[in-house]
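Read the structure below first, then the notes.
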Amino acid sequence: MELAGAIITLIGSIFLFLGALGLLRMPDIFNRMQAGTKATTLGSILFLTGSAMAHAECTCTGKIVILILFIIFTNPLSSHALARAAHFIGIPLAKKTVKDDLAEDEKKEEGGQL
Amino acid sequence: MTTIIIAVLGAIMIAAAVLAIVQKSLLSAVIAAGAISLLASLLYIVLAAPDVAMTEAAIGSGLTTIVFLFALNKIRKEDKHG
Amino acid sequence: MVNIIYQIAGAIALAAILLAFIRMIKGPTAADRVVALDAMTIISISLIIFLAATLQRVIYIDIALVYGLISFVGIVAIARYLERGI
Amino acid sequence: MVKKIFIVIILGFFAVMLLPLAKDFTPFQELSPVAEKYVEDGPEELGSANLVTSVIVTYRGLDTLGEVAVLFIAAAGVGFFLRKEEKGDKTPKRGSSQILQSGTAFLFPLILAFGVYIFLHGHLTPGGGFQGGVVIASGMVLLLLSSASAKINENVLHLVESLSGASYVAIGILGLVLATGFLDNRFLDLGEFGTLLSAGAIPLIYSFIGLKVGAELVGIVNNMQKDQS
Amino acid sequence: MIKIQIKIKTYTESGAMKRFKHTVLLFLFLVLLWALLTPHNMQEIWAGVAVSALVALFTLRMDPVLGDLKLTPKSFLYLLIYIFVFIKELVISNLDVARRVVDPKLPIKPGIVKVKTKLNSRIGRTILANSITLTPGTLTVDIKDEYLYIHWIEIKHDDLEGATKDIVQKFEKYLEVIFG
Amino acid sequence: MTLITILGLVLIMIGLWGMLTQKNIIKIIIGFSIMDTGVHLIMVSIGYLKDRTAPIIDSAVDQANAVNTVVDPIPSALVLTAIVIGLAVTALMLSYAIKLYEKKGTLDINEFKELKW
């Protein structure tokens with residue numbers, strides 16, 4: 001049980017590391033956010049679960065559950081708010097980007113209003 | 001282990017402090033200052049002062065950043081008018 | 001054995017904070033720095049739990065809760081500032 | 001140029017002045033006598049598991065009263081500086097996304113309840129009035145952020161602030177009348193060590209501190225956010 | 001268009017019903033939160049009930065977002081299935097991210113696509129957007145009425161229908177039953 | 001822990017350097033808050049005793065032997081208050097900066113010559 005907990009923690013920390021690495025390597029802000037949000041979310045969930053398992057004697061399961069639920073709910077939410085803001089202020093997308101429906105639609109809307 | 005944590009976090013804090021002073025953009029400076037508080041609250045846990053860590057996490061990284069942002073917002077708004 | 005694996009996990013999380021901070025230094029825009037700050041907070045929550053387990057105090061978990069909550073509000077505030085919403 | 005030399009001199013002076021602190025500082029090996037007394041007698045005398053709380057609320061309670069007063073003055077100062085007449089032209093704000101709005105509507109009650117948890121358990125966990133107040137204030141700030149048209153009712157804010165402040169002082173005086181000194185928590189039953197209803201009046205005092213600090217911080221943020229220009 | 005929709009509030013019979021349901025559900029949620037946070041004894045539970053009631057009453061004027069929840073046995077069953085689907089997608093998405101990050105060539109072909117959702121409830125849309133953010137290669141950027149704008153790390157379909165089928169529908173069929 | 005003391009000193013020096021060299025008032029306030037953090041770190045590190053734990057008595061701490069196992073609670077209490085006051089002071093300074101900006105339309109410290117000697 002304890003060994004399994006420690007190994008889960010290790011896997012979680014590797015995901016955290018990969019998330020941070022993705023943050024460093026990706027070419028534009030949206031791709032960075034993709035790596036940052038997903039990998040850190042699962043990484044921290046695994047880390048917390050593993051810690052709770054590795055220290056079975058602690059009476060902290062309830063708080064860990066709340067923390068995990070809270071991370072699952074708020075982390076994508078803040079990412080979404082940031083992505084929306086970043087798109088609004090017109091941070092350029094990476095050169096590889098193929099299409100941008102949102103910008104097209106916004107242009108259309110402005111044209112329609114005028 | 002704790003010594004390594006203190007050394008790494010301390011190095012990051014010093015770098016963030018220099019970044020906060022050197023940065024031209026005010027928003028980036030505020031973000032760097034928030035990062036300093038964030039890491040300081042980790043150090044407080046190592047120093048066995050959880051009350052201080054909680055206060056620093058709540059006030060230093062949260063409300064101080066928000067208050068700075070509201071102030072920056074006022075200044076920027078006036079910019080647009082003038 | 002368990003302890004050693006656990007400590008390695010903590011060290012990797014620490015390295016992850018370092019990597020995220022490098023993105024914060026590099027920028028190039030303020031929004032990129034906020035993304036880095038967001039990642040740093042989530043990793044820090046894991047690190048707080050790690051410290052709570054290493055120092056053997058259950059009560060430190062409360063700090064992680066407050067930390068996650070307040071940093072969420074802070075990130076939303078910066079996002080709303082960027083899009084001129086506050 | 002002169003200025004730069006001046007700055008270098010000041011920095012050097014500070015560095016030389018502070019260096020001995022780092023160089024000659026030897027970590028203490030045991031607690032100072034005052035701390036020893038607090039640690040030894042605190043748990044039995046006051047019934048609070050968190051010794052920092054017992055120092056803040058009771059042993060050094062007057063300092064905390066002063067601190068809350070300073071916070072009040074700062075909030076009043078912010079309100080005074082940023083007080084202006086309403087002008088007509090307002091720059092349009094960008095509305096927030098639906099997702100954030102409904103997410104906030106779900107999270108806000110949870111944040112409030114969590115803040116109450118923090119200050120009610122100030123004598124058992126690292127929390128306390130200040131932290132709980134800040135959490136509640138952040139919940140309010142989240143509400144302000146999630147919709148551009150949200151307003152905070154200032155009358156309610158002032159009412160909460162003054163009521164909790166008055167109750168705080170009233171409890172202090174009750175301690176003076178019923179027990180040995182100002183802000184003494186022992187006029188209520190100390191209860192069983194380590195449970196919610198223990199440590200006499202400490203949870204009560206911390207609740208009022210939490211409400212007051214929360215109201216003051218919301219006041220500060222509200223004044224800074226208000227679109228008066 | 002969006003603003004008008006939000007501003008119109010219907011104080012009909014069903015509106016009051018929704019608000020009542022929201023308040024009761026919120027109260028139960030808060031009691032659950034308190035029970036998870038604290039050690040179990042009678043004092044704590046009574047304190048939790050009192051605090052939950054106070055907070056639920058204090059936030060009575062807010063949006064009744066939880067009023068859309070459907071409380072049928074079928075929706076509970078779908079909730080369980082949804083949790084499993086979600087966890088599966090989360091793990092897949094992380095392996096996907098890991099693969100892309102480690103690959104030295106960075107195999108990405110990003111773009112922002114538009115998809116359409118059938119969900120009407122607001123909390124349902126929020127959970128859908130969050131799920132999309134946590135699934136392989138997608139990130140919700142913006143929402144306008146029933147259209148979601150999604151940053152896709154590797155575009156497979158260029159059109160609205162294809163993208164909707166790929167991204168939204170695997171969650172939508174469960175969330176539709178739970179939230180309506 | 002002397003490492004933390006050194007860190008605090010470095011933070012104080014960086015904050016002071018920022019306060020002295022920066023032109024923008026907001027940057028000066030940021031320097032002040034960095035200095036604040038440094039001072040708090042030093043104060044907490046003075047109260048720390050090696051290999052001891054937080055002054056909260058629960059199942060992890062033996063109450064009878066608490067004197068030999070917990071750290072000094074007084075610096076924690078002081079710093080806790082200092083952080084809250086720091087926020088209040090920062091907010092006050094920022095509102096003053098906003099007021100100055102409204103009067104002059106700039107935040108450059110060199111533009112405010114009325115009080116220069």
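Labels used: A, B, ... for chains in the order of the structure tokens, numbers from 1 for residues in each chain, and numbers from 1 for ligands as shown.
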For segment 70-78 of chain C, work out the shell of residues within 7 Å, counting only C-alpha atoms and skipping chain neighbours fewer than 2 positions away, then give it as a list in words.
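Near neighbours after the sequence-gap exclusion: Thr74, Ser78 and Ala81 of chain A; Ala58, Gly62, Thr65 and Ile66 of chain B; Asp38, Thr41, Val66, Tyr67, Gly68, Arg80, Tyr81 and Leu82 of chain C; Ser138, Leu142 and Leu145 of chain D.
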Return as JSON, numbers by chain the full set of residues in chain F whose backbone-based DSSP assignment is helix (DSSP H, G or I).
{"F": [2, 3, 4, 5, 6, 7, 8, 9, 10, 11, 12, 13, 14, 15, 16, 17, 18, 19, 20, 21, 25, 26, 27, 28, 29, 30, 31, 32, 33, 34, 35, 36, 37, 38, 39, 40, 41, 42, 43, 44, 45, 46, 47, 66, 67, 68, 73, 74, 75, 76, 77, 78, 79, 80, 81, 82, 83, 84, 85, 86, 87, 88, 89, 90, 91, 92, 93, 94, 95, 96, 97, 98, 99, 100, 101, 102, 103, 104, 109, 110, 111]}
Return as a VMD selection string the full set of residues in chain F whose backbone-based DSSP assignment is strand (DSSP E or B).
chain F and resid 24 53 56 70 108
Show which residues sit within 12 Å of Ile81 of chain E, as a PDB file with all heavy atoms, in the first residue's frame. Count only C-alpha atoms, and ignore same-chain residues fewer than 6 positions away.
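Everything below was put into selection-v3.pdb:
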ATOM      1  N   LYS E  74     -31.755   7.678 -13.149  1.00  0.00           N
ATOM      2  CA  LYS E  74     -30.987   7.590 -14.387  1.00  0.00           C
ATOM      3  C   LYS E  74     -29.838   8.592 -14.384  1.00  0.00           C
ATOM      4  O   LYS E  74     -28.720   8.295 -14.797  1.00  0.00           O
ATOM      5  CB  LYS E  74     -31.933   7.874 -15.556  1.00  0.00           C
ATOM      6  CG  LYS E  74     -31.361   7.423 -16.889  1.00  0.00           C
ATOM      7  CD  LYS E  74     -32.281   7.823 -18.028  1.00  0.00           C
ATOM      8  CE  LYS E  74     -31.588   7.589 -19.354  1.00  0.00           C
ATOM      9  NZ  LYS E  74     -32.274   8.246 -20.450  1.00  0.00           N
ATOM     10  N   SER E  75     -30.123   9.800 -13.876  1.00  0.00           N
ATOM     11  CA  SER E  75     -29.071  10.812 -13.906  1.00  0.00           C
ATOM     12  C   SER E  75     -27.932  10.441 -12.952  1.00  0.00           C
ATOM     13  O   SER E  75     -26.775  10.717 -13.231  1.00  0.00           O
ATOM     14  CB  SER E  75     -29.647  12.180 -13.568  1.00  0.00           C
ATOM     15  OG  SER E  75     -29.952  12.256 -12.210  1.00  0.00           O
ATOM     16  N   ILE E  87     -12.381  10.452 -16.191  1.00  0.00           N
ATOM     17  CA  ILE E  87     -11.051  10.038 -15.725  1.00  0.00           C
ATOM     18  C   ILE E  87     -10.261   9.415 -16.877  1.00  0.00           C
ATOM     19  O   ILE E  87      -9.072   9.708 -17.066  1.00  0.00           O
ATOM     20  CB  ILE E  87     -11.181   9.058 -14.545  1.00  0.00           C
ATOM     21  CG1 ILE E  87     -11.713   9.804 -13.332  1.00  0.00           C
ATOM     22  CG2 ILE E  87      -9.839   8.430 -14.218  1.00  0.00           C
ATOM     23  CD1 ILE E  87     -12.039   8.920 -12.173  1.00  0.00           C
ATOM     24  N   LYS E  88     -10.961   8.588 -17.687  1.00  0.00           N
ATOM     25  CA  LYS E  88     -10.290   7.960 -18.816  1.00  0.00           C
ATOM     26  C   LYS E  88      -9.729   9.037 -19.749  1.00  0.00           C
ATOM     27  O   LYS E  88      -8.553   9.009 -20.144  1.00  0.00           O
ATOM     28  CB  LYS E  88     -11.297   7.082 -19.567  1.00  0.00           C
ATOM     29  CG  LYS E  88     -10.665   6.136 -20.561  1.00  0.00           C
ATOM     30  CD  LYS E  88     -11.710   5.529 -21.462  1.00  0.00           C
ATOM     31  CE  LYS E  88     -11.952   6.396 -22.675  1.00  0.00           C
ATOM     32  NZ  LYS E  88     -13.111   6.034 -23.467  1.00  0.00           N
ATOM     33  N   LYS E 170     -18.879  13.255 -26.813  1.00  0.00           N
ATOM     34  CA  LYS E 170     -18.591  12.171 -25.873  1.00  0.00           C
ATOM     35  C   LYS E 170     -18.982  12.547 -24.449  1.00  0.00           C
ATOM     36  O   LYS E 170     -19.290  11.670 -23.636  1.00  0.00           O
ATOM     37  CB  LYS E 170     -17.111  11.796 -25.948  1.00  0.00           C
ATOM     38  CG  LYS E 170     -16.163  12.923 -25.669  1.00  0.00           C
ATOM     39  CD  LYS E 170     -14.744  12.543 -26.054  1.00  0.00           C
ATOM     40  CE  LYS E 170     -13.856  13.768 -26.031  1.00  0.00           C
ATOM     41  NZ  LYS E 170     -12.597  13.594 -26.709  1.00  0.00           N
ATOM     42  N   PHE E 171     -18.983  13.837 -24.130  1.00  0.00           N
ATOM     43  CA  PHE E 171     -19.458  14.242 -22.805  1.00  0.00           C
ATOM     44  C   PHE E 171     -20.920  14.629 -22.822  1.00  0.00           C
ATOM     45  O   PHE E 171     -21.629  14.451 -21.838  1.00  0.00           O
ATOM     46  CB  PHE E 171     -18.658  15.454 -22.310  1.00  0.00           C
ATOM     47  CG  PHE E 171     -17.218  15.176 -22.104  1.00  0.00           C
ATOM     48  CD1 PHE E 171     -16.257  15.909 -22.757  1.00  0.00           C
ATOM     49  CD2 PHE E 171     -16.807  14.179 -21.244  1.00  0.00           C
ATOM     50  CE1 PHE E 171     -14.925  15.647 -22.565  1.00  0.00           C
ATOM     51  CE2 PHE E 171     -15.485  13.917 -21.057  1.00  0.00           C
ATOM     52  CZ  PHE E 171     -14.534  14.656 -21.714  1.00  0.00           C
ATOM     53  N   LYS E 173     -23.598  13.597 -24.202  1.00  0.00           N
ATOM     54  CA  LYS E 173     -24.704  12.660 -24.040  1.00  0.00           C
ATOM     55  C   LYS E 173     -24.934  12.317 -22.574  1.00  0.00           C
ATOM     56  O   LYS E 173     -26.052  12.017 -22.175  1.00  0.00           O
ATOM     57  CB  LYS E 173     -24.464  11.414 -24.880  1.00  0.00           C
ATOM     58  CG  LYS E 173     -23.214  10.659 -24.551  1.00  0.00           C
ATOM     59  CD  LYS E 173     -23.013   9.516 -25.543  1.00  0.00           C
ATOM     60  CE  LYS E 173     -21.685   8.840 -25.312  1.00  0.00           C
ATOM     61  NZ  LYS E 173     -21.222   8.064 -26.445  1.00  0.00           N
ATOM     62  N   TYR E 174     -23.883  12.392 -21.761  1.00  0.00           N
ATOM     63  CA  TYR E 174     -24.095  12.152 -20.326  1.00  0.00           C
ATOM     64  C   TYR E 174     -24.585  13.414 -19.627  1.00  0.00           C
ATOM     65  O   TYR E 174     -25.511  13.379 -18.823  1.00  0.00           O
ATOM     66  CB  TYR E 174     -22.807  11.677 -19.672  1.00  0.00           C
ATOM     67  CG  TYR E 174     -22.246  10.437 -20.312  1.00  0.00           C
ATOM     68  CD1 TYR E 174     -21.069  10.480 -21.043  1.00  0.00           C
ATOM     69  CD2 TYR E 174     -22.902   9.223 -20.195  1.00  0.00           C
ATOM     70  CE1 TYR E 174     -20.562   9.357 -21.648  1.00  0.00           C
ATOM     71  CE2 TYR E 174     -22.412   8.094 -20.797  1.00  0.00           C
ATOM     72  CZ  TYR E 174     -21.239   8.152 -21.520  1.00  0.00           C
ATOM     73  OH  TYR E 174     -20.749   7.051 -22.111  1.00  0.00           O
ATOM     74  N   LEU E 175     -23.947  14.527 -19.947  1.00  0.00           N
ATOM     75  CA  LEU E 175     -24.307  15.774 -19.261  1.00  0.00           C
ATOM     76  C   LEU E 175     -25.738  16.181 -19.580  1.00  0.00           C
ATOM     77  O   LEU E 175     -26.412  16.794 -18.757  1.00  0.00           O
ATOM     78  CB  LEU E 175     -23.341  16.891 -19.663  1.00  0.00           C
ATOM     79  CG  LEU E 175     -21.948  16.768 -19.081  1.00  0.00           C
ATOM     80  CD1 LEU E 175     -21.039  17.834 -19.647  1.00  0.00           C
ATOM     81  CD2 LEU E 175     -21.993  16.897 -17.578  1.00  0.00           C
ATOM     82  N   VAL E 177     -28.275  14.284 -19.841  1.00  0.00           N
ATOM     83  CA  VAL E 177     -29.194  13.589 -18.928  1.00  0.00           C
ATOM     84  C   VAL E 177     -29.098  14.173 -17.521  1.00  0.00           C
ATOM     85  O   VAL E 177     -30.094  14.332 -16.816  1.00  0.00           O
ATOM     86  CB  VAL E 177     -28.860  12.082 -18.902  1.00  0.00           C
ATOM     87  CG1 VAL E 177     -29.767  11.360 -17.939  1.00  0.00           C
ATOM     88  CG2 VAL E 177     -28.998  11.514 -20.295  1.00  0.00           C
ATOM     89  N   ILE E 178     -27.857  14.550 -17.121  1.00  0.00           N
ATOM     90  CA  ILE E 178     -27.687  15.015 -15.744  1.00  0.00           C
ATOM     91  C   ILE E 178     -28.248  16.415 -15.555  1.00  0.00           C
ATOM     92  O   ILE E 178     -28.919  16.700 -14.565  1.00  0.00           O
ATOM     93  CB  ILE E 178     -26.202  14.981 -15.357  1.00  0.00           C
ATOM     94  CG1 ILE E 178     -25.652  13.572 -15.536  1.00  0.00           C
ATOM     95  CG2 ILE E 178     -26.022  15.408 -13.918  1.00  0.00           C
ATOM     96  CD1 ILE E 178     -24.161  13.503 -15.437  1.00  0.00           C
TER      97      ILE E 178
END
Provide as a PyMOL selection string the residues of chain C at most 10 Å from chain F, counting only C-alpha atoms.
chain C and resi 55-60
Interface, chain B side, toward chain D (8 Å; only C-alpha atoms) as a VMD selection string:
chain B and resid 50 to 51 54 to 55 58 to 59 62 to 63 67 70 to 71 77
Output for the residues just chosen: N, CA and C atoms as a tab-separated table (two decimals), in the first residue's frame:
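Printed below is out_12.tsv as written:
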chain	number	residue	atom	x	y	z
B	50	PRO	N	3.07	27.67	10.38
B	50	PRO	CA	1.96	27.51	9.44
B	50	PRO	C	0.97	28.68	9.44
B	51	ASP	N	0.81	29.32	10.59
B	51	ASP	CA	-0.11	30.48	10.61
B	51	ASP	C	0.38	31.56	9.66
B	54	MET	N	-0.08	30.58	6.05
B	54	MET	CA	-1.45	30.77	5.56
B	54	MET	C	-1.73	32.24	5.30
B	55	THR	N	-1.31	33.10	6.24
B	55	THR	CA	-1.55	34.52	6.04
B	55	THR	C	-0.82	35.03	4.81
B	58	ALA	N	-2.53	33.90	1.71
B	58	ALA	CA	-3.79	34.58	1.46
B	58	ALA	C	-3.58	36.05	1.14
B	59	ILE	N	-2.75	36.73	1.92
B	59	ILE	CA	-2.61	38.17	1.74
B	59	ILE	C	-1.52	38.51	0.74
B	62	GLY	N	-2.36	36.80	-2.74
B	62	GLY	CA	-3.70	37.02	-3.25
B	62	GLY	C	-4.11	38.47	-3.25
B	63	LEU	N	-4.42	38.99	-2.07
B	63	LEU	CA	-5.04	40.31	-2.02
B	63	LEU	C	-4.10	41.43	-2.44
B	67	VAL	N	-5.03	44.13	-5.18
B	67	VAL	CA	-5.05	45.57	-4.92
B	67	VAL	C	-4.16	46.30	-5.92
B	70	PHE	N	-5.99	46.53	-9.22
B	70	PHE	CA	-7.01	47.58	-9.27
B	70	PHE	C	-6.37	48.94	-9.44
B	71	ALA	N	-5.24	49.16	-8.76
B	71	ALA	CA	-4.56	50.44	-8.90
B	71	ALA	C	-4.07	50.63	-10.33
B	77	LYS	N	-6.78	53.36	-17.12
B	77	LYS	CA	-8.01	53.94	-17.63
B	77	LYS	C	-7.82	55.42	-17.92
Find the residues in chain A near chain C: any atom within 7 Å counts, using only C-alpha atoms. Write them as a short mmCIF file (atom, residue, chain, number, x, y, z; two decimals) with N, CA and C atoms, in the first residue's frame.
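The resulting file, selection_12.cif, is reproduced below:
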data_model
loop_
_atom_site.label_atom_id
_atom_site.label_comp_id
_atom_site.auth_asym_id
_atom_site.auth_seq_id
_atom_site.Cartn_x
_atom_site.Cartn_y
_atom_site.Cartn_z
N GLU A 2 1.81 1.25 0.94
CA GLU A 2 2.65 2.45 1.03
C GLU A 2 3.56 2.59 -0.18
N LEU A 3 4.07 1.45 -0.62
CA LEU A 3 4.93 1.48 -1.80
C LEU A 3 4.14 1.96 -3.01
N ALA A 6 3.76 5.63 -2.87
CA ALA A 6 4.99 6.35 -3.24
C ALA A 6 5.18 6.34 -4.75
N ILE A 7 4.86 5.20 -5.38
CA ILE A 7 5.05 5.13 -6.83
C ILE A 7 4.06 6.04 -7.55
N THR A 9 2.85 8.76 -6.35
CA THR A 9 3.38 10.11 -6.16
C THR A 9 4.47 10.41 -7.17
N LEU A 10 5.32 9.42 -7.41
CA LEU A 10 6.42 9.62 -8.35
C LEU A 10 5.88 9.88 -9.75
N SER A 13 4.56 13.33 -9.94
CA SER A 13 5.59 14.36 -10.02
C SER A 13 6.20 14.38 -11.42
N ILE A 14 6.26 13.20 -12.08
CA ILE A 14 6.78 13.20 -13.45
C ILE A 14 5.84 13.97 -14.38
N LEU A 16 3.93 16.43 -13.43
CA LEU A 16 4.14 17.84 -13.13
C LEU A 16 5.35 18.36 -13.89
N PHE A 17 6.40 17.55 -13.90
CA PHE A 17 7.63 17.96 -14.57
C PHE A 17 7.38 18.13 -16.06
N ALA A 20 5.56 21.29 -16.82
CA ALA A 20 6.45 22.46 -16.78
C ALA A 20 7.35 22.48 -18.01
N LEU A 21 7.78 21.30 -18.45
CA LEU A 21 8.63 21.23 -19.64
C LEU A 21 7.85 21.69 -20.87
N LEU A 23 5.38 23.74 -20.83
CA LEU A 23 5.27 25.19 -20.67
C LEU A 23 6.47 25.88 -21.30
N LEU A 24 7.62 25.24 -21.17
CA LEU A 24 8.86 25.84 -21.66
C LEU A 24 9.02 25.66 -23.16
N ILE A 29 1.11 30.91 -26.59
CA ILE A 29 0.53 30.89 -25.25
C ILE A 29 -0.57 29.83 -25.11
N MET A 33 -0.61 26.80 -22.51
CA MET A 33 -1.70 26.58 -21.55
C MET A 33 -2.18 25.14 -21.60
N GLY A 36 0.34 23.20 -19.74
CA GLY A 36 0.35 23.60 -18.35
C GLY A 36 -0.86 23.10 -17.59
N THR A 40 -0.43 19.50 -15.27
CA THR A 40 -0.33 19.82 -13.85
C THR A 40 -1.57 19.35 -13.09
N SER A 44 -0.95 16.82 -10.17
CA SER A 44 -1.19 17.13 -8.76
C SER A 44 -2.20 16.17 -8.16
N PHE A 47 -0.29 13.16 -7.35
CA PHE A 47 0.61 13.45 -6.23
C PHE A 47 -0.15 13.41 -4.90
N LEU A 48 -1.32 14.08 -4.88
CA LEU A 48 -2.08 14.13 -3.64
C LEU A 48 -2.59 12.74 -3.24
N CYS A 58 -2.58 8.95 8.46
CA CYS A 58 -3.09 10.30 8.66
C CYS A 58 -4.58 10.37 8.40
N CYS A 60 -6.49 12.52 6.90
CA CYS A 60 -6.61 13.71 6.07
C CYS A 60 -7.35 13.43 4.79
N LEU A 67 -9.54 19.02 -1.80
CA LEU A 67 -8.48 19.69 -2.57
C LEU A 67 -8.51 19.21 -4.02
N THR A 74 -11.42 24.32 -10.51
CA THR A 74 -10.93 25.69 -10.73
C THR A 74 -9.80 25.79 -11.75
N SER A 78 -9.71 28.79 -14.50
CA SER A 78 -8.77 29.91 -14.60
C SER A 78 -8.05 29.87 -15.95
N ALA A 81 -10.34 31.50 -18.40
CA ALA A 81 -10.37 32.96 -18.27
C ALA A 81 -9.12 33.57 -18.91
N LEU A 82 -7.99 32.93 -18.66
CA LEU A 82 -6.73 33.44 -19.21
C LEU A 82 -6.71 33.34 -20.72
N ALA A 85 -8.81 36.03 -22.21
CA ALA A 85 -8.14 37.33 -22.15
C ALA A 85 -7.02 37.40 -23.17
N ALA A 86 -6.24 36.31 -23.28
CA ALA A 86 -5.10 36.33 -24.19
C ALA A 86 -5.58 36.48 -25.62
N PHE A 88 -8.34 37.92 -26.52
CA PHE A 88 -8.93 39.25 -26.67
C PHE A 88 -7.87 40.31 -26.90
N ILE A 89 -6.77 40.24 -26.16
CA ILE A 89 -5.76 41.29 -26.35
C ILE A 89 -4.88 41.01 -27.55
#
Give me, as a tab-separated table, the closest atom pair and its distance (Å, one decimal) for every residue of chain A within a cut-off of 9 Å of chain E, counting only C-alpha atoms, rows sorted by chain and rising number.
residue	atom	partner	partner_atom	distance
A:Phe15	CA	E:Ala98	CA	7.6
A:Leu18	CA	E:Ala98	CA	6.2
A:Gly19	CA	E:Ala98	CA	7.7
A:Leu21	CA	E:Val101	CA	7.1
A:Gly22	CA	E:Val101	CA	5.2
A:Leu23	CA	E:Val101	CA	8.9
A:Arg25	CA	E:Val101	CA	7.2
A:Met26	CA	E:Leu106	CA	7.7
A:Phe30	CA	E:His151	CA	7.2
A:Asn31	CA	E:Ile153	CA	6.9
A:Met33	CA	E:Leu139	CA	8.1
A:Gln34	CA	E:Leu139	CA	6.4
A:Ala35	CA	E:Val97	CA	6.1
A:Thr37	CA	E:Leu134	CA	7.5
A:Lys38	CA	E:Leu134	CA	5.5
A:Ala39	CA	E:Asn94	CA	5.5
A:Thr41	CA	E:Leu134	CA	8.3
A:Leu42	CA	E:Leu90	CA	7.1
A:Gly43	CA	E:Asn94	CA	8.8
A:Thr59	CA	E:Pro39	CA	8.5
A:Cys60	CA	E:Leu37	CA	8.6
A:Thr61	CA	E:Leu36	CA	8.1
A:Gly62	CA	E:Leu36	CA	4.4
A:Lys63	CA	E:Leu37	CA	5.4
A:Val65	CA	E:Leu36	CA	8.0
A:Ile66	CA	E:Leu36	CA	7.3
A:Ile72	CA	E:Asn130	CA	8.3
A:Phe73	CA	E:Asn130	CA	7.2
A:Thr74	CA	E:Asn130	CA	8.6
A:Asn75	CA	E:Asn130	CA	8.5
A:Pro76	CA	E:Asn130	CA	5.3
A:Leu77	CA	E:Asn130	CA	6.5
A:Ser79	CA	E:Thr133	CA	8.2
A:His80	CA	E:Val141	CA	5.7
A:Ala81	CA	E:Val141	CA	7.8
A:Leu82	CA	E:Val141	CA	8.4
A:Ala83	CA	E:Val141	CA	5.3
A:Arg84	CA	E:Val141	CA	5.1
A:Ala85	CA	E:Val141	CA	8.7
A:His87	CA	E:Val141	CA	7.6
A:Leu93	CA	E:Gly111	CA	8.6
A:Ala94	CA	E:Pro110	CA	8.1
A:Lys96	CA	E:Lys109	CA	6.0
A:Thr97	CA	E:Pro110	CA	4.8
A:Val98	CA	E:Gly111	CA	5.2
A:Lys99	CA	E:Gly111	CA	4.8
A:Asp100	CA	E:Ile112	CA	4.5
A:Asp101	CA	E:Val113	CA	5.3
A:Leu102	CA	E:Tyr149	CA	6.3
A:Ala103	CA	E:Ile112	CA	8.8
Just the selected residues (C-alpha atoms), exported as a tab-separated table (two decimals), in the first residue's frame, please.
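Output saved as selection22.tsv:
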chain	number	residue	atom	x	y	z
A	15	PHE	CA	3.58	14.57	-14.96
A	18	LEU	CA	6.38	17.23	-18.09
A	19	GLY	CA	3.79	19.95	-17.74
A	21	LEU	CA	8.63	21.23	-19.64
A	22	GLY	CA	5.73	21.70	-22.04
A	23	LEU	CA	5.27	25.19	-20.67
A	25	ARG	CA	8.88	24.19	-25.08
A	26	MET	CA	5.57	25.08	-26.68
A	30	PHE	CA	-2.44	28.62	-26.03
A	31	ASN	CA	-0.26	25.58	-26.56
A	33	MET	CA	-1.70	26.58	-21.55
A	34	GLN	CA	-2.68	23.19	-22.95
A	35	ALA	CA	0.43	21.59	-21.55
A	37	THR	CA	-3.26	22.93	-17.41
A	38	LYS	CA	-3.70	19.28	-18.27
A	39	ALA	CA	-0.43	17.87	-17.09
A	41	THR	CA	-3.95	18.90	-13.05
A	42	LEU	CA	-3.46	15.16	-13.39
A	43	GLY	CA	0.01	15.41	-11.90
A	59	THR	CA	-6.70	11.39	9.01
A	60	CYS	CA	-6.61	13.71	6.07
A	61	THR	CA	-8.60	11.88	3.39
A	62	GLY	CA	-11.50	14.32	3.49
A	63	LYS	CA	-9.34	17.36	3.01
A	65	VAL	CA	-10.68	14.85	-1.55
A	66	ILE	CA	-11.82	18.46	-1.26
A	72	ILE	CA	-10.44	19.81	-10.99
A	73	PHE	CA	-13.06	22.54	-10.92
A	74	THR	CA	-10.93	25.69	-10.73
A	75	ASN	CA	-7.84	24.89	-12.77
A	76	PRO	CA	-9.63	24.66	-16.13
A	77	LEU	CA	-11.75	27.65	-15.14
A	79	SER	CA	-7.17	28.57	-17.78
A	80	HIS	CA	-10.29	29.43	-19.70
A	81	ALA	CA	-10.37	32.96	-18.27
A	82	LEU	CA	-6.73	33.44	-19.21
A	83	ALA	CA	-7.16	32.01	-22.69
A	84	ARG	CA	-10.11	34.30	-23.33
A	85	ALA	CA	-8.14	37.33	-22.15
A	87	HIS	CA	-7.17	35.96	-27.32
A	93	LEU	CA	-0.72	32.64	-32.38
A	94	ALA	CA	2.14	30.38	-33.38
A	96	LYS	CA	1.96	26.66	-37.30
A	97	THR	CA	-1.63	27.67	-36.54
A	98	VAL	CA	-4.03	26.61	-39.28
A	99	LYS	CA	-7.24	28.46	-38.53
A	100	ASP	CA	-8.88	30.84	-36.09
A	101	ASP	CA	-12.67	30.70	-36.13
A	102	LEU	CA	-13.09	33.01	-33.16
A	103	ALA	CA	-11.20	35.88	-34.76
